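Read the structure below first, then the notes.
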Amino acid sequence: MIGLLPFTPLSTRPILGCGLAAMSAVIYREGSPYHDSFTNTLAVAAQWQLFISYFFAVILSTETFSADGNDSYSLGVALLVTNLTVVVMTMIMGVLKNTSHKSNLATKHKLRRQLGIEKKMDKAKFDHAWGALAKEDDDATATVLSGVAELARRHRETPRQAEAVVDIAQLMAEAAAVEEAMHRANKRLVVQAGGVFQQGPLKSEERVRAKTENDYGGSRVQAKFDDNLPP
């Protein structure tokens with residue numbers, strides 16, 4: 001954007017430079033065009049340095065200060081100190097952001113590893129329960145498989161949480177609120193079919209976050225909460 005300035009009148013360049021630099025800073029901050037967070041921080045800081053430089057040019061253009069002597073020297077020193085301060089603050093902020101980014105990556109790695117362990121545990125429990133059912137009653141196994149296939153045929157869309165839910169904490173609160181009602185309804189169906197209902201626990205928030213990140217691509221509206229359900 002700053003490259004447009006040579007095509008503008010000389011008298012308006014300082015104020016236009018301020019405006020364009022501010023716009024560029026917002027675009028870089030919101031867009032984050034670079035993969036590395038430190039590089040994005042440097043890019044935003046560079047735009048603010050341009051803004052500061054053009055702001056000083058605006059001050060000079062108003063003729064509030066004289067172009068010679070102590071006034072110009074004072075403005076030069078002030079501009080130098082301001083730019084050095086921006087550089088130092090940018091370095092500090094960049095290091096802090098990189099540290100936070102690395103910490104987040106480590107946390108995600110830990111969650112993925114824990115999720116893998118819990119998936120294996122869930123699969124083992126599910127296989128054991130299914131094996132016991134098949135061993136006890138082949139007809140019941142066939143009936144369950146037939147019913148599941150029919151459900152899959154009728155309901156092809158992936159179940160989703162309400163779009164009004166803004167974060168996982170709200171999802172957890174709503175899941176806890178409806179947990180008992182859901183279990184009562186499921187228990188009634190299971191008992192009417194001649195089965196024995198075993199209530200599973202509500203998923204922990206840590207596990208919900210891990211599954212949201214790894215299984216649902218970060219989409220909170222696809223999270224499931226009841227550990228009675230297969231993963």
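Labeling convention for the structure tokens: chains A, B, ... as they appear, residues from 1 per chain, ligands from 1 in order of appearance.
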
Contacts of A:Val87 within 12 Å, only C-alpha atoms, excl. fewer than 5 positions in-chain, as a list in words: Thr41, Leu42, Ala43, Val44, Ala45, Ala46, Gln47, Trp48, Gln49, Leu80, Val81, Thr82, Ile92, Met93 and Gly94 of chain A

Put those residues in a file: N, CA and C atoms, as a PDB file, in the first residue's frame.
```
ATOM      1  N   THR A  41       4.597 -10.990  13.814  1.00  0.00           N
ATOM      2  CA  THR A  41       4.795  -9.895  14.767  1.00  0.00           C
ATOM      3  C   THR A  41       5.737  -8.842  14.206  1.00  0.00           C
ATOM      4  N   LEU A  42       6.819  -9.281  13.563  1.00  0.00           N
ATOM      5  CA  LEU A  42       7.763  -8.343  12.948  1.00  0.00           C
ATOM      6  C   LEU A  42       7.098  -7.537  11.830  1.00  0.00           C
ATOM      7  N   ALA A  43       6.250  -8.203  11.033  1.00  0.00           N
ATOM      8  CA  ALA A  43       5.576  -7.523   9.929  1.00  0.00           C
ATOM      9  C   ALA A  43       4.655  -6.425  10.452  1.00  0.00           C
ATOM     10  N   VAL A  44       3.909  -6.729  11.505  1.00  0.00           N
ATOM     11  CA  VAL A  44       3.011  -5.726  12.090  1.00  0.00           C
ATOM     12  C   VAL A  44       3.824  -4.570  12.661  1.00  0.00           C
ATOM     13  N   ALA A  45       4.925  -4.885  13.352  1.00  0.00           N
ATOM     14  CA  ALA A  45       5.765  -3.839  13.935  1.00  0.00           C
ATOM     15  C   ALA A  45       6.351  -2.932  12.849  1.00  0.00           C
ATOM     16  N   ALA A  46       6.739  -3.528  11.729  1.00  0.00           N
ATOM     17  CA  ALA A  46       7.292  -2.731  10.632  1.00  0.00           C
ATOM     18  C   ALA A  46       6.266  -1.726  10.113  1.00  0.00           C
ATOM     19  N   GLN A  47       5.016  -2.139  10.045  1.00  0.00           N
ATOM     20  CA  GLN A  47       3.964  -1.224   9.588  1.00  0.00           C
ATOM     21  C   GLN A  47       3.761  -0.089  10.573  1.00  0.00           C
ATOM     22  N   TRP A  48       3.841  -0.401  11.874  1.00  0.00           N
ATOM     23  CA  TRP A  48       3.695   0.662  12.865  1.00  0.00           C
ATOM     24  C   TRP A  48       4.890   1.603  12.860  1.00  0.00           C
ATOM     25  N   GLN A  49       6.074   1.075  12.541  1.00  0.00           N
ATOM     26  CA  GLN A  49       7.233   1.956  12.397  1.00  0.00           C
ATOM     27  C   GLN A  49       7.036   2.930  11.239  1.00  0.00           C
ATOM     28  N   LEU A  80      14.140   8.223  16.487  1.00  0.00           N
ATOM     29  CA  LEU A  80      15.077   7.116  16.679  1.00  0.00           C
ATOM     30  C   LEU A  80      14.738   6.312  17.928  1.00  0.00           C
ATOM     31  N   VAL A  81      14.486   7.013  19.024  1.00  0.00           N
ATOM     32  CA  VAL A  81      14.154   6.331  20.280  1.00  0.00           C
ATOM     33  C   VAL A  81      12.857   5.542  20.135  1.00  0.00           C
ATOM     34  N   THR A  82      11.877   6.140  19.478  1.00  0.00           N
ATOM     35  CA  THR A  82      10.582   5.456  19.287  1.00  0.00           C
ATOM     36  C   THR A  82      10.753   4.188  18.465  1.00  0.00           C
ATOM     37  N   ILE A  92      10.612  -8.870  22.088  1.00  0.00           N
ATOM     38  CA  ILE A  92      10.083  -9.494  23.305  1.00  0.00           C
ATOM     39  C   ILE A  92       8.757 -10.189  23.030  1.00  0.00           C
ATOM     40  N   MET A  93       7.851  -9.496  22.336  1.00  0.00           N
ATOM     41  CA  MET A  93       6.544 -10.078  22.023  1.00  0.00           C
ATOM     42  C   MET A  93       6.680 -11.296  21.121  1.00  0.00           C
ATOM     43  N   GLY A  94       7.617 -11.221  20.160  1.00  0.00           N
ATOM     44  CA  GLY A  94       7.824 -12.357  19.261  1.00  0.00           C
ATOM     45  C   GLY A  94       8.302 -13.587  20.005  1.00  0.00           C
TER      46      GLY A  94
END
```

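Look at stretch 139-146 of chain A: the protein and nucleic acid residues within 12 Å of it, using only C-alpha atoms and passing over chain neighbours fewer than 4 places away, are A:Ala129, A:Trp130, A:Gly131, A:Ala132, A:Leu133, A:Ala134, A:Lys135, A:Glu150, A:Leu151, A:Ala152, A:Arg153, A:Val190, A:Ala193, A:Gly194, A:Gly195.
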
Next, the residues of the selection above should be written as a short mmCIF file (atom, residue, chain, number, x, y, z; two decimals), in the first residue's frame with N, CA, C and O atoms.
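Result file is result26.cif:
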```
data_model
loop_
_atom_site.label_atom_id
_atom_site.label_comp_id
_atom_site.auth_asym_id
_atom_site.auth_seq_id
_atom_site.Cartn_x
_atom_site.Cartn_y
_atom_site.Cartn_z
N ALA A 129 -17.30 -56.55 25.03
CA ALA A 129 -18.75 -56.57 25.19
C ALA A 129 -19.44 -57.20 23.98
O ALA A 129 -20.38 -57.98 24.11
N TRP A 130 -18.94 -56.87 22.78
CA TRP A 130 -19.54 -57.42 21.56
C TRP A 130 -19.30 -58.92 21.47
O TRP A 130 -20.19 -59.68 21.08
N GLY A 131 -18.11 -59.35 21.87
CA GLY A 131 -17.81 -60.77 21.85
C GLY A 131 -18.70 -61.55 22.80
O GLY A 131 -19.15 -62.66 22.48
N ALA A 132 -18.95 -60.96 23.97
CA ALA A 132 -19.82 -61.62 24.95
C ALA A 132 -21.24 -61.73 24.42
O ALA A 132 -21.92 -62.76 24.59
N LEU A 133 -21.72 -60.66 23.74
CA LEU A 133 -23.06 -60.70 23.16
C LEU A 133 -23.15 -61.75 22.07
O LEU A 133 -24.12 -62.53 22.01
N ALA A 134 -22.17 -61.79 21.19
CA ALA A 134 -22.19 -62.76 20.09
C ALA A 134 -22.14 -64.19 20.62
O ALA A 134 -22.79 -65.09 20.07
N LYS A 135 -21.37 -64.39 21.67
CA LYS A 135 -21.25 -65.72 22.24
C LYS A 135 -22.54 -66.16 22.92
O LYS A 135 -22.92 -67.33 22.87
N GLU A 150 -29.83 -50.09 9.61
CA GLU A 150 -31.02 -49.33 9.25
C GLU A 150 -30.91 -47.88 9.74
O GLU A 150 -31.31 -46.94 9.05
N LEU A 151 -30.37 -47.71 10.95
CA LEU A 151 -30.16 -46.35 11.46
C LEU A 151 -29.21 -45.57 10.56
O LEU A 151 -29.42 -44.39 10.27
N ALA A 152 -28.13 -46.23 10.13
CA ALA A 152 -27.16 -45.57 9.25
C ALA A 152 -27.79 -45.19 7.92
O ALA A 152 -27.46 -44.16 7.33
N ARG A 153 -28.72 -46.03 7.44
CA ARG A 153 -29.38 -45.74 6.17
C ARG A 153 -30.32 -44.55 6.31
O ARG A 153 -30.39 -43.70 5.42
N VAL A 190 -33.55 -49.82 26.43
CA VAL A 190 -32.78 -51.04 26.64
C VAL A 190 -33.58 -52.06 27.46
O VAL A 190 -33.61 -53.26 27.13
N ALA A 193 -36.32 -53.74 25.60
CA ALA A 193 -35.80 -54.73 24.65
C ALA A 193 -35.25 -55.96 25.36
O ALA A 193 -34.76 -56.88 24.70
N GLY A 194 -35.32 -55.96 26.71
CA GLY A 194 -34.85 -57.12 27.45
C GLY A 194 -33.38 -57.07 27.83
O GLY A 194 -32.81 -58.09 28.25
N GLY A 195 -32.78 -55.91 27.69
CA GLY A 195 -31.36 -55.79 28.00
C GLY A 195 -31.11 -55.22 29.39
O GLY A 195 -32.03 -54.92 30.15
#
```

Have a look at A:His128, A:Pro9, A:Gly147, A:Asn40 and name the one nearest to A:Lys97; count only C-alpha atoms.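 Checking each candidate against A:Lys97, we get A:Asn40 as the closest.
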
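Residues in contact with A:Glu206 at up to 10 Å, not including ones fewer than 5 positions away on its chain and judged by only C-alpha atoms, are Leu111, Gln114, Leu115, Ile168, Lys211 and Thr212 of chain A.
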
If I take atom CA of A:Phe51 and atom CA of A:Tyr28, how far is one from the other in Å, to one decimal?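 Pair atom CA of A:Phe51 / atom CA of A:Tyr28 returns 13.7 Å.
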
Calculated over only C-alpha atoms, which of the candidates A:Leu96, A:Leu50, A:Pro201, A:His109 has the smallest distance to A:Ser24? A:Leu50

Pick from A:Asn98, A:Ser11, A:Asn83, A:Ser53: nearest to A:His35, with only C-alpha atoms counted?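 Looking at the shortest contact to A:His35, the residue is A:Asn98.
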
Of the candidates A:Thr39, A:Val88, A:Ala181, A:Thr12, which shows the shortest atom-to-atom distance to A:Tyr54, using only C-alpha atoms? A:Thr12
